[in-house]
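A.B. asks: File run28.cif follows (mmCIF, C-alpha atoms and all ligand atoms):
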```
data_query
#
loop_
_atom_site.label_atom_id
_atom_site.label_comp_id
_atom_site.auth_asym_id
_atom_site.auth_seq_id
_atom_site.Cartn_x
_atom_site.Cartn_y
_atom_site.Cartn_z
CA MET W 285 -4.72 58.29 24.05
CA ARG W 286 -3.89 61.38 22.00
CA THR W 287 -5.32 61.74 18.48
CA PRO W 288 -2.50 62.34 15.99
CA ILE W 289 -2.76 65.66 14.18
CA ILE W 290 -1.31 66.54 10.78
CA ALA W 291 -1.43 70.24 10.03
CA GLY W 292 -0.42 71.67 6.69
CA ASN W 293 0.98 75.18 6.93
CA TRP W 294 0.64 76.63 3.46
CA LYS W 295 2.47 79.84 4.46
CA MET W 296 2.02 82.48 1.70
CA PHE W 297 1.02 80.08 -1.04
CA LYS W 298 -2.20 79.43 -3.01
CA THR W 299 -4.91 81.65 -4.41
CA VAL W 300 -8.53 80.98 -3.44
CA LYS W 301 -9.09 79.02 -6.64
CA GLU W 302 -6.03 76.84 -5.99
CA ALA W 303 -7.01 76.33 -2.35
CA VAL W 304 -10.53 75.14 -3.17
CA ALA W 305 -9.21 72.83 -5.92
CA PHE W 306 -6.83 71.31 -3.34
CA ILE W 307 -9.73 70.50 -1.00
CA GLU W 308 -11.65 68.88 -3.85
CA ASP W 309 -8.59 66.70 -4.54
CA VAL W 310 -8.00 65.59 -0.95
CA LYS W 311 -11.62 65.15 0.18
CA GLY W 312 -12.21 61.61 1.39
CA LYS W 313 -8.49 60.82 0.97
CA ALA W 314 -6.80 63.05 3.51
CA GLU W 315 -9.54 61.93 5.88
CA VAL W 316 -8.29 58.97 7.84
CA ALA W 317 -10.07 57.57 10.90
CA GLY W 318 -8.17 58.41 14.05
CA VAL W 319 -6.09 61.21 12.51
CA GLU W 320 -6.98 64.89 12.65
CA SER W 321 -6.24 66.71 9.41
CA VAL W 322 -5.95 70.51 9.40
CA ILE W 323 -5.10 72.94 6.60
CA CYS W 324 -3.70 76.28 7.74
CA ALA W 325 -4.10 78.69 4.88
CA PRO W 326 -3.63 82.39 4.08
CA TYR W 327 -6.44 84.61 5.39
CA THR W 328 -7.89 85.27 1.93
CA ASN W 329 -8.56 81.54 1.47
CA LEU W 330 -10.28 80.92 4.78
CA PRO W 331 -13.96 81.74 4.00
CA ALA W 332 -13.90 79.60 0.85
CA LEU W 333 -12.07 76.79 2.64
CA THR W 334 -14.39 76.59 5.63
CA GLU W 335 -17.21 76.34 3.10
CA ALA W 336 -15.35 73.74 0.98
CA VAL W 337 -14.75 71.38 3.93
CA GLN W 338 -18.41 71.31 5.00
CA GLY W 339 -19.50 67.71 5.40
CA THR W 340 -15.91 66.44 5.68
CA SER W 341 -13.71 65.81 8.70
CA LEU W 342 -11.08 68.27 7.43
CA LYS W 343 -10.42 71.27 9.66
CA ILE W 344 -9.22 74.74 8.71
CA GLY W 345 -6.70 76.88 10.52
CA ALA W 346 -5.31 80.39 10.21
CA GLN W 347 -1.59 81.14 10.41
CA ASN W 348 -1.82 84.10 12.75
CA VAL W 349 -4.30 86.11 14.83
CA HIS W 350 -4.23 89.48 16.56
CA PHE W 351 -4.76 89.43 20.31
CA GLU W 352 -7.34 92.24 20.38
CA ASP W 353 -10.92 91.66 19.20
CA SER W 354 -11.06 94.89 17.18
CA GLY W 355 -9.40 98.28 16.98
CA ALA W 356 -7.03 100.49 15.03
CA PHE W 357 -4.61 97.73 14.01
CA THR W 358 -4.22 98.17 10.27
CA GLY W 359 -3.77 94.92 8.43
CA GLU W 360 -4.61 92.65 11.36
CA ILE W 361 -7.30 89.97 11.81
CA SER W 362 -8.87 89.05 15.16
CA GLY W 363 -10.00 85.79 16.71
CA LEU W 364 -13.56 87.08 16.64
CA MET W 365 -13.32 87.41 12.86
CA LEU W 366 -11.75 83.98 12.40
CA LYS W 367 -14.37 82.27 14.53
CA GLU W 368 -17.16 83.95 12.60
CA ILE W 369 -16.07 82.24 9.38
CA GLY W 370 -15.72 78.78 10.93
CA VAL W 371 -11.98 78.51 11.48
CA ASP W 372 -11.00 75.87 14.08
CA TYR W 373 -7.25 76.25 14.58
CA VAL W 374 -4.66 79.00 14.51
CA ILE W 375 -0.88 78.71 14.29
CA ILE W 376 0.71 81.03 16.83
CA GLY W 377 4.37 81.99 17.21
CA HIS W 378 5.73 80.32 14.09
CA SER W 379 9.47 80.99 13.90
CA GLU W 380 8.93 83.01 10.72
CA ARG W 381 6.60 85.32 12.63
CA ARG W 382 8.99 85.52 15.55
CA ALA W 383 11.89 86.33 13.20
CA TYR W 384 10.30 88.57 10.55
CA PHE W 385 7.43 90.15 12.47
CA ALA W 386 9.06 90.59 15.88
CA GLU W 387 6.69 88.33 17.79
CA THR W 388 7.90 87.97 21.34
CA ASP W 389 6.96 85.32 23.90
CA GLU W 390 4.65 87.90 25.50
CA ILE W 391 2.81 88.54 22.23
CA VAL W 392 2.56 84.80 21.59
CA ASN W 393 0.97 84.36 25.02
CA LYS W 394 -1.56 87.15 24.37
CA LYS W 395 -2.47 85.50 21.07
CA VAL W 396 -2.91 82.09 22.73
CA LEU W 397 -5.25 83.63 25.30
CA ALA W 398 -7.15 85.44 22.54
CA ALA W 399 -7.53 82.20 20.59
CA PHE W 400 -9.19 80.47 23.54
CA LYS W 401 -11.38 83.50 24.17
CA HIS W 402 -12.89 82.91 20.75
CA GLY W 403 -12.97 79.11 20.78
CA LEU W 404 -10.01 78.66 18.44
CA LEU W 405 -7.40 76.01 19.21
CA PRO W 406 -3.80 77.23 19.09
CA ILE W 407 -0.94 75.37 17.44
CA VAL W 408 1.93 76.97 19.35
CA CYS W 409 5.31 76.81 17.64
CA VAL W 410 8.52 76.54 19.62
CA GLY W 411 12.04 75.63 18.60
CA GLU W 412 15.67 76.57 18.59
CA SER W 413 17.95 78.15 15.98
CA LEU W 414 21.08 76.38 14.78
CA GLU W 415 23.20 78.70 16.88
CA GLU W 416 21.15 77.90 20.00
CA ARG W 417 21.36 74.20 19.25
CA GLU W 418 25.10 74.30 18.85
CA ALA W 419 25.35 76.20 22.13
CA GLY W 420 23.44 73.39 23.87
CA LYS W 421 20.41 75.62 24.51
CA THR W 422 17.71 73.59 22.70
CA LYS W 423 15.80 72.48 25.78
CA ASP W 424 16.10 75.84 27.52
CA VAL W 425 14.73 77.70 24.49
CA CYS W 426 11.81 75.27 24.18
CA ARG W 427 11.09 75.45 27.91
CA VAL W 428 11.03 79.25 28.00
CA GLN W 429 8.90 79.55 24.85
CA THR W 430 6.41 76.87 25.96
CA GLU W 431 6.01 78.15 29.51
CA ALA W 432 5.49 81.71 28.29
CA ALA W 433 2.97 80.67 25.64
CA LEU W 434 0.82 78.69 28.10
CA GLN W 435 0.94 81.26 30.90
CA GLY W 436 -2.50 82.08 32.33
CA LEU W 437 -4.39 79.22 30.68
CA THR W 438 -6.75 77.09 32.73
CA GLU W 439 -5.88 73.41 32.96
CA ALA W 440 -8.78 72.59 30.64
CA GLN W 441 -7.46 75.05 28.04
CA ALA W 442 -3.84 73.94 28.36
CA ALA W 443 -4.87 70.33 27.75
CA GLN W 444 -6.28 71.34 24.36
CA VAL W 445 -3.18 73.15 23.13
CA VAL W 446 -1.20 71.70 20.26
CA VAL W 447 2.52 72.45 20.50
CA ALA W 448 4.65 72.21 17.37
CA TYR W 449 8.32 71.61 18.06
CA GLU W 450 10.07 73.05 15.02
CA PRO W 451 13.84 73.37 15.11
CA ILE W 452 14.40 76.44 12.97
CA TRP W 453 17.39 74.90 11.16
CA ALA W 454 15.13 72.10 9.87
CA ILE W 455 12.45 74.35 8.34
CA GLY W 456 12.42 74.27 4.56
CA THR W 457 16.02 73.10 4.47
CA GLY W 458 15.57 69.39 3.84
CA LYS W 459 17.47 68.77 7.09
CA THR W 460 15.39 66.96 9.67
CA SER W 461 15.89 66.18 13.26
CA THR W 462 15.98 62.43 13.86
CA ALA W 463 12.82 60.99 15.36
CA GLU W 464 14.85 60.08 18.41
CA ASP W 465 16.23 63.57 18.83
CA ALA W 466 12.88 65.29 18.20
CA GLY W 467 11.20 62.79 20.54
CA GLU W 468 13.65 63.62 23.29
CA VAL W 469 12.97 67.36 23.03
CA ILE W 470 9.23 66.73 22.80
CA GLY W 471 9.40 64.48 25.87
CA TYR W 472 11.16 67.30 27.70
CA ILE W 473 8.50 69.84 26.62
CA ARG W 474 5.87 67.45 27.99
CA GLU W 475 7.73 67.21 31.30
CA ARG W 476 7.81 70.99 31.57
CA ILE W 477 4.07 71.20 30.84
CA ALA W 478 3.55 68.68 33.66
CA ALA W 479 5.58 70.95 35.96
CA GLN W 480 3.65 74.05 34.86
CA PHE W 481 0.21 72.41 35.10
CA ASN W 482 0.10 68.71 36.02
CA SER W 483 0.75 65.33 34.46
CA ASP W 484 -2.87 64.90 33.41
CA VAL W 485 -2.67 68.09 31.31
CA ALA W 486 0.76 67.12 29.95
CA GLY W 487 -0.58 63.70 28.98
CA LYS W 488 -3.32 65.32 26.90
CA VAL W 489 -1.35 68.05 25.10
CA ARG W 490 -0.49 67.03 21.57
CA ILE W 491 3.04 67.83 20.50
CA GLN W 492 3.94 67.76 16.82
CA TYR W 493 7.30 67.75 15.12
CA GLY W 494 7.88 70.17 12.24
CA GLY W 495 10.78 70.76 9.87
CA SER W 496 11.15 69.13 6.45
CA VAL W 497 8.58 66.43 7.18
CA LYS W 498 7.79 64.54 3.95
CA PRO W 499 5.79 61.47 2.94
CA ASN W 500 9.01 59.42 3.10
CA ASN W 501 9.85 60.29 6.72
CA ILE W 502 6.46 60.85 8.39
CA ARG W 503 6.15 57.24 9.58
CA GLU W 504 9.52 57.37 11.29
CA PHE W 505 8.43 60.40 13.33
CA MET W 506 5.00 58.96 14.07
CA GLN W 507 6.52 55.76 15.44
CA HIS W 508 8.02 57.69 18.32
CA PRO W 509 5.56 57.48 21.25
CA ASP W 510 6.01 61.14 22.20
CA ILE W 511 5.39 62.59 18.72
CA ASP W 512 1.71 63.23 18.08
CA GLY W 513 1.83 64.48 14.53
CA ALA W 514 3.49 67.00 12.28
CA LEU W 515 3.27 70.62 11.21
CA VAL W 516 4.23 70.53 7.56
CA GLY W 517 5.13 73.35 5.19
CA GLY W 518 6.38 72.46 1.71
CA ALA W 519 5.08 68.89 1.59
CA SER W 520 1.53 70.01 2.44
CA LEU W 521 1.10 71.99 -0.77
CA GLU W 522 0.50 69.12 -3.20
CA PRO W 523 -2.64 67.01 -2.72
CA ALA W 524 -0.92 63.63 -3.22
CA SER W 525 1.84 64.51 -0.80
CA TYR W 526 -0.61 65.81 1.81
CA ILE W 527 -2.72 62.66 1.53
CA SER W 528 0.40 60.53 2.09
CA LEU W 529 1.26 62.54 5.20
CA VAL W 530 -2.17 61.99 6.71
CA GLU W 531 -2.05 58.29 5.82
CA GLY W 532 1.41 58.10 7.36
CA ALA W 533 0.07 59.35 10.67
CA ARG W 534 -2.41 56.52 10.98
O1 LIG W 601 5.11 75.25 9.65
C1 LIG W 601 5.80 74.44 9.02
C2 LIG W 601 7.23 74.47 9.13
O2 LIG W 601 7.74 75.75 9.04
C3 LIG W 601 7.95 73.42 8.36
O3 LIG W 601 8.11 73.77 7.02
P1 LIG W 601 8.74 72.67 6.02
O4 LIG W 601 7.91 71.44 6.19
O5 LIG W 601 8.62 73.28 4.66
O6 LIG W 601 10.15 72.46 6.47
#
```
Could you quickly redo this structure as structure tokens?
Ligand SMILES: O=C[C@H](O)COP(=O)(O)O

C.D. replies:
Amino acid sequence: MRTPIIAGNWKMFKTVKEAVAFIEDVKGKAEVAGVESVICAPYTNLPALTEAVQGTSLKIGAQNVHFEDSGAFTGEISGLMLKEIGVDYVIIGHSERRAYFAETDEIVNKKVLAAFKHGLLPIVCVGESLEEREAGKTKDVCRVQTEAALQGLTEAQAAQVVVAYEPIWAIGTGKTSTAEDAGEVIGYIRERIAAQFNSDVAGKVRIQYGGSVKPNNIREFMQHPDIDGALVGGASLEPASYISLVEGAR
């Protein structure tokens, strides 16, 4: 039985003050038995947030990590640094990072390995562009990205990975995949993980859907047996909306 996981990806939104106020608003409400609830915030918010969630079941994630522990990498943050401040999760390979910051499958893999090195759990994003979808390449793109990301992990590590299937055309656009369609791709990703590792690992990996998930459609996605949660951008920014998403994953 896989525990559903709702992760809010705040992207480049919220000051520290706004972030802490959000936690005060959702405490006890975005905490639902049997659902994992994670807020992935900008780096500047993370120390205050890990402090603010003390004594709650809420978890905190980063949105990126460098693959080295330290060094001359101006502007970067390492897994060692994230772990030190109590971060639990890290989003790796989001399509915005792949598109705007030239993250390749190889870099994504190095970051996944670095996350495990420091005891952080990766939320690995995969998904196709509209062009790739229209060319019938959705499954191929997801297979290549997933296999590359999980390369070199032990079975025990792979079983703890969270994969977020996010069709790029559905991100921030209001267009969503249907639950059936997303479930089919997610089922395929699971099959490929079984081929890369084994069916026990594949049965444990949690695979989220992401792309214009809102309080009014979360239940539809969660009803699909292959969908284990959601990675949510816009609708995770308001406390009431985030609470509804977590409740919808119950
Ligand atoms: O990481 C989250 C995704 O990019 C989805 O964003 P969205 O919910 O605003 O479409």

A.B. asks: Step by step, measure atom-to-atom distances between ligand LIG 601 (chain W) and each residue using all atoms listed in the file, keep those at most 7 Å, then write them as a list in words.

C.D. replies: Asn293, His378, Glu450, Ala454, Ile455, Gly456, Thr457, Gly458, Gly494, Gly495, Ser496, Val497, Leu515, Val516, Gly517, Gly518 and Ala519 of chain W

A.B. asks: Quick one: residues within 9 Å of Leu366 of chain W, all atoms listed in the file counted, chain neighbours fewer than 2 positions away excluded, as a PDB file with C-alpha atoms, in the coordinates of the input?

C.D. replies:
```
ATOM      1  CA  TYR W 327      -6.440  84.610   5.390  1.00  0.00           C
ATOM      2  CA  LEU W 330     -10.280  80.920   4.780  1.00  0.00           C
ATOM      3  CA  PRO W 331     -13.960  81.740   4.000  1.00  0.00           C
ATOM      4  CA  GLY W 345      -6.700  76.880  10.520  1.00  0.00           C
ATOM      5  CA  ALA W 346      -5.310  80.390  10.210  1.00  0.00           C
ATOM      6  CA  VAL W 349      -4.300  86.110  14.830  1.00  0.00           C
ATOM      7  CA  ILE W 361      -7.300  89.970  11.810  1.00  0.00           C
ATOM      8  CA  SER W 362      -8.870  89.050  15.160  1.00  0.00           C
ATOM      9  CA  GLY W 363     -10.000  85.790  16.710  1.00  0.00           C
ATOM     10  CA  LEU W 364     -13.560  87.080  16.640  1.00  0.00           C
ATOM     11  CA  GLU W 368     -17.160  83.950  12.600  1.00  0.00           C
ATOM     12  CA  ILE W 369     -16.070  82.240   9.380  1.00  0.00           C
ATOM     13  CA  GLY W 370     -15.720  78.780  10.930  1.00  0.00           C
ATOM     14  CA  VAL W 371     -11.980  78.510  11.480  1.00  0.00           C
ATOM     15  CA  ASP W 372     -11.000  75.870  14.080  1.00  0.00           C
ATOM     16  CA  VAL W 374      -4.660  79.000  14.510  1.00  0.00           C
ATOM     17  CA  HIS W 402     -12.890  82.910  20.750  1.00  0.00           C
ATOM     18  CA  LEU W 404     -10.010  78.660  18.440  1.00  0.00           C
TER      19      LEU W 404
END
```

A.B. asks: Can you measure atom CA of Ile289 of chain W to atom CA of Gly318 of chain W for me? One decimal in Å is fine.

C.D. replies: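 Computing the Euclidean distance for atom CA of Ile289 of chain W and atom CA of Gly318 of chain W yields 9.0 Å.
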
A.B. asks: Return as CSV the residues of segment 321-404 of chain W lying at most 10 Å from segment 433-437 of chain W, together with the closest atom-to-atom pair for each and the distance in Å to one decimal, counting all atoms listed in the file, with rows in chain order and ascending residue number.

C.D. replies:
```
residue,atom,partner,partner_atom,distance
W:Ile376,CA,W:Ala433,CA,9.1
W:Gly377,CA,W:Ala433,CA,8.6
W:Thr388,CA,W:Ala433,CA,9.8
W:Asp389,CA,W:Ala433,CA,6.4
W:Glu390,CA,W:Ala433,CA,7.4
W:Ile391,CA,W:Ala433,CA,8.6
W:Val392,CA,W:Ala433,CA,5.8
W:Asn393,CA,W:Ala433,CA,4.2
W:Lys394,CA,W:Ala433,CA,8.0
W:Lys395,CA,W:Ala433,CA,8.6
W:Val396,CA,W:Ala433,CA,6.7
W:Leu397,CA,W:Leu437,CA,7.0
W:Phe400,CA,W:Leu437,CA,8.7
```

A.B. asks: Report the distance between atom CA of Thr328 of chain W and atom CA of Ala314 of chain W in Å, rounded to one decimal place.

C.D. replies: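 Going from atom CA of Thr328 of chain W over to atom CA of Ala314 of chain W covers 22.3 Å.
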
A.B. asks: Which residue gives the smallest distance to Tyr526 of chain W among W:Met296, W:Ala479, W:Val446, W:Ile323, with only C-alpha atoms counted?

C.D. replies: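 Smallest distance to Tyr526 of chain W is found for W:Ile323.
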
A.B. asks: Could you state the separation of atom CA of Ile307 of chain W and atom CA of Arg503 of chain W in Å, given to one decimal place?

C.D. replies: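 Taking atom CA of Ile307 of chain W as the start and atom CA of Arg503 of chain W as the end point, the length is 23.2 Å.
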
A.B. asks: When distances are computed from all atoms listed in the file, which of W:Arg382, W:Lys301, W:Arg534, W:Arg490 shows the smallest separation from Gly471 of chain W?

C.D. replies: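 Nearest candidate to Gly471 of chain W out of W:Arg382, W:Lys301, W:Arg534, W:Arg490: W:Arg490.
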
A.B. asks: Closest to Thr460 of chain W among W:His350, W:Lys498, W:Lys488, W:Arg286, using only C-alpha atoms?

C.D. replies: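 Among the listed residues, W:Lys498 lies closest to Thr460 of chain W.
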
A.B. asks: With a distance cut-off of 10 Å and only C-alpha atoms, select the neighbouring residues of Val428 of chain W, excluding the residue or stretch itself and same-chain residues fewer than 3 positions from it, and output the selection as a ChimeraX atom specification.

C.D. replies: /W:389,410,423-425,431-433,473,476

A.B. asks: For segment 334-457 of chain W, write C-alpha atoms out as an mmCIF file, in the first residue's frame.

C.D. replies:
```cif
data_model
loop_
_atom_site.group_PDB
_atom_site.id
_atom_site.type_symbol
_atom_site.label_atom_id
_atom_site.label_comp_id
_atom_site.auth_asym_id
_atom_site.auth_seq_id
_atom_site.Cartn_x
_atom_site.Cartn_y
_atom_site.Cartn_z
ATOM 1 C CA THR W 334 11.622 23.577 8.758
ATOM 2 C CA GLU W 335 11.365 25.413 12.082
ATOM 3 C CA ALA W 336 7.679 26.311 11.534
ATOM 4 C CA VAL W 337 6.630 22.692 10.870
ATOM 5 C CA GLN W 338 8.238 21.329 14.043
ATOM 6 C CA GLY W 339 5.687 19.231 15.901
ATOM 7 C CA THR W 340 3.496 18.783 12.809
ATOM 8 C CA SER W 341 3.402 16.053 10.181
ATOM 9 C CA LEU W 342 4.111 18.569 7.397
ATOM 10 C CA LYS W 343 7.325 18.023 5.459
ATOM 11 C CA ILE W 344 9.495 20.556 3.666
ATOM 12 C CA GLY W 345 11.175 20.187 0.307
ATOM 13 C CA ALA W 346 13.580 22.197 -1.828
ATOM 14 C CA GLN W 347 13.030 22.751 -5.549
ATOM 15 C CA ASN W 348 16.562 21.987 -6.673
ATOM 16 C CA VAL W 349 19.938 20.793 -5.384
ATOM 17 C CA HIS W 350 23.474 20.801 -6.747
ATOM 18 C CA PHE W 351 25.099 17.397 -7.158
ATOM 19 C CA GLU W 352 28.394 18.339 -5.487
ATOM 20 C CA ASP W 353 28.663 18.742 -1.707
ATOM 21 C CA SER W 354 30.662 21.980 -1.924
ATOM 22 C CA GLY W 355 32.915 23.862 -4.307
ATOM 23 C CA ALA W 356 33.212 26.843 -6.623
ATOM 24 C CA PHE W 357 29.629 26.748 -7.921
ATOM 25 C CA THR W 358 28.398 30.304 -7.488
ATOM 26 C CA GLY W 359 24.738 30.507 -6.613
ATOM 27 C CA GLU W 360 24.252 26.798 -5.949
ATOM 28 C CA ILE W 361 23.064 24.902 -2.851
ATOM 29 C CA SER W 362 24.141 21.354 -1.957
ATOM 30 C CA GLY W 363 22.357 18.390 -0.433
ATOM 31 C CA LEU W 364 24.636 18.659 2.578
ATOM 32 C CA MET W 365 23.344 22.181 3.182
ATOM 33 C CA LEU W 366 19.698 21.203 2.725
ATOM 34 C CA LYS W 367 19.981 18.267 5.092
ATOM 35 C CA GLU W 368 21.593 20.449 7.742
ATOM 36 C CA ILE W 369 18.487 22.640 7.946
ATOM 37 C CA GLY W 370 16.039 19.732 8.146
ATOM 38 C CA VAL W 371 14.750 19.515 4.586
ATOM 39 C CA ASP W 372 13.191 16.124 3.728
ATOM 40 C CA TYR W 373 12.439 16.247 -0.003
ATOM 41 C CA VAL W 374 13.870 17.825 -3.115
ATOM 42 C CA ILE W 375 12.249 18.283 -6.518
ATOM 43 C CA ILE W 376 14.689 17.249 -9.232
ATOM 44 C CA GLY W 377 14.413 17.733 -12.990
ATOM 45 C CA HIS W 378 11.294 19.885 -13.064
ATOM 46 C CA SER W 379 10.514 20.748 -16.694
ATOM 47 C CA GLU W 380 11.170 24.421 -15.939
ATOM 48 C CA ARG W 381 14.685 23.534 -14.823
ATOM 49 C CA ARG W 382 15.197 21.293 -17.826
ATOM 50 C CA ALA W 383 13.965 24.041 -20.173
ATOM 51 C CA TYR W 384 15.371 27.235 -18.622
ATOM 52 C CA PHE W 385 18.457 25.946 -16.815
ATOM 53 C CA ALA W 386 19.631 23.299 -19.287
ATOM 54 C CA GLU W 387 19.265 20.333 -16.948
ATOM 55 C CA THR W 388 19.947 17.150 -18.850
ATOM 56 C CA ASP W 389 19.013 13.587 -17.907
ATOM 57 C CA GLU W 390 22.635 13.099 -16.809
ATOM 58 C CA ILE W 391 22.518 16.089 -14.464
ATOM 59 C CA VAL W 392 19.158 14.937 -13.102
ATOM 60 C CA ASN W 393 20.680 11.532 -12.338
ATOM 61 C CA LYS W 394 23.669 13.106 -10.541
ATOM 62 C CA LYS W 395 21.264 15.182 -8.458
ATOM 63 C CA VAL W 396 19.161 12.130 -7.555
ATOM 64 C CA LEU W 397 22.294 10.300 -6.398
ATOM 65 C CA ALA W 398 23.394 13.368 -4.423
ATOM 66 C CA ALA W 399 19.980 13.592 -2.755
ATOM 67 C CA PHE W 400 20.242 10.020 -1.468
ATOM 68 C CA LYS W 401 23.816 10.601 -0.361
ATOM 69 C CA HIS W 402 22.474 13.208 2.039
ATOM 70 C CA GLY W 403 19.273 11.452 3.094
ATOM 71 C CA LEU W 404 16.960 13.628 1.004
ATOM 72 C CA LEU W 405 14.108 12.026 -0.923
ATOM 73 C CA PRO W 406 13.879 13.062 -4.576
ATOM 74 C CA ILE W 407 10.670 13.983 -6.367
ATOM 75 C CA VAL W 408 11.807 13.314 -9.928
ATOM 76 C CA CYS W 409 9.842 15.106 -12.630
ATOM 77 C CA VAL W 410 9.309 13.566 -16.037
ATOM 78 C CA GLY W 411 6.930 14.427 -18.843
ATOM 79 C CA GLU W 412 6.488 15.248 -22.480
ATOM 80 C CA SER W 413 6.034 18.508 -24.381
ATOM 81 C CA LEU W 414 2.979 19.100 -26.550
ATOM 82 C CA GLU W 415 5.069 18.511 -29.652
ATOM 83 C CA GLU W 416 6.311 15.175 -28.290
ATOM 84 C CA ARG W 417 2.788 14.182 -27.332
ATOM 85 C CA GLU W 418 1.440 14.974 -30.764
ATOM 86 C CA ALA W 419 4.279 12.956 -32.289
ATOM 87 C CA GLY W 420 3.218 9.945 -30.197
ATOM 88 C CA LYS W 421 6.403 10.064 -28.100
ATOM 89 C CA THR W 422 4.878 10.475 -24.612
ATOM 90 C CA LYS W 423 5.794 7.041 -23.286
ATOM 91 C CA ASP W 424 9.253 7.055 -24.864
ATOM 92 C CA VAL W 425 10.100 10.432 -23.331
ATOM 93 C CA CYS W 426 8.906 9.299 -19.891
ATOM 94 C CA ARG W 427 10.780 5.999 -20.171
ATOM 95 C CA VAL W 428 14.079 7.639 -21.133
ATOM 96 C CA GLN W 429 13.812 10.334 -18.449
ATOM 97 C CA THR W 430 12.817 7.880 -15.699
ATOM 98 C CA GLU W 431 15.445 5.277 -16.525
ATOM 99 C CA ALA W 432 18.177 7.911 -16.665
ATOM 100 C CA ALA W 433 17.096 9.526 -13.393
ATOM 101 C CA LEU W 434 17.112 6.225 -11.464
ATOM 102 C CA GLN W 435 20.378 4.923 -12.931
ATOM 103 C CA GLY W 436 22.809 3.668 -10.280
ATOM 104 C CA LEU W 437 20.360 3.635 -7.367
ATOM 105 C CA THR W 438 20.161 0.612 -5.103
ATOM 106 C CA GLU W 439 16.814 -1.173 -5.015
ATOM 107 C CA ALA W 440 16.183 0.207 -1.528
ATOM 108 C CA GLN W 441 16.803 3.761 -2.772
ATOM 109 C CA ALA W 442 14.758 3.357 -5.939
ATOM 110 C CA ALA W 443 11.783 2.156 -3.888
ATOM 111 C CA GLN W 444 11.788 5.470 -2.010
ATOM 112 C CA VAL W 445 11.788 7.700 -5.076
ATOM 113 C CA VAL W 446 8.746 9.796 -5.851
ATOM 114 C CA VAL W 447 8.210 10.316 -9.582
ATOM 115 C CA ALA W 448 6.040 13.202 -10.753
ATOM 116 C CA TYR W 449 4.554 12.704 -14.191
ATOM 117 C CA GLU W 450 3.979 16.226 -15.459
ATOM 118 C CA PRO W 451 3.003 16.682 -19.090
ATOM 119 C CA ILE W 452 4.586 20.032 -19.889
ATOM 120 C CA TRP W 453 1.544 21.250 -21.843
ATOM 121 C CA ALA W 454 -0.584 20.889 -18.687
ATOM 122 C CA ILE W 455 1.640 22.977 -16.395
ATOM 123 C CA GLY W 456 0.089 26.290 -15.422
ATOM 124 C CA THR W 457 -2.175 26.213 -18.457
#
```
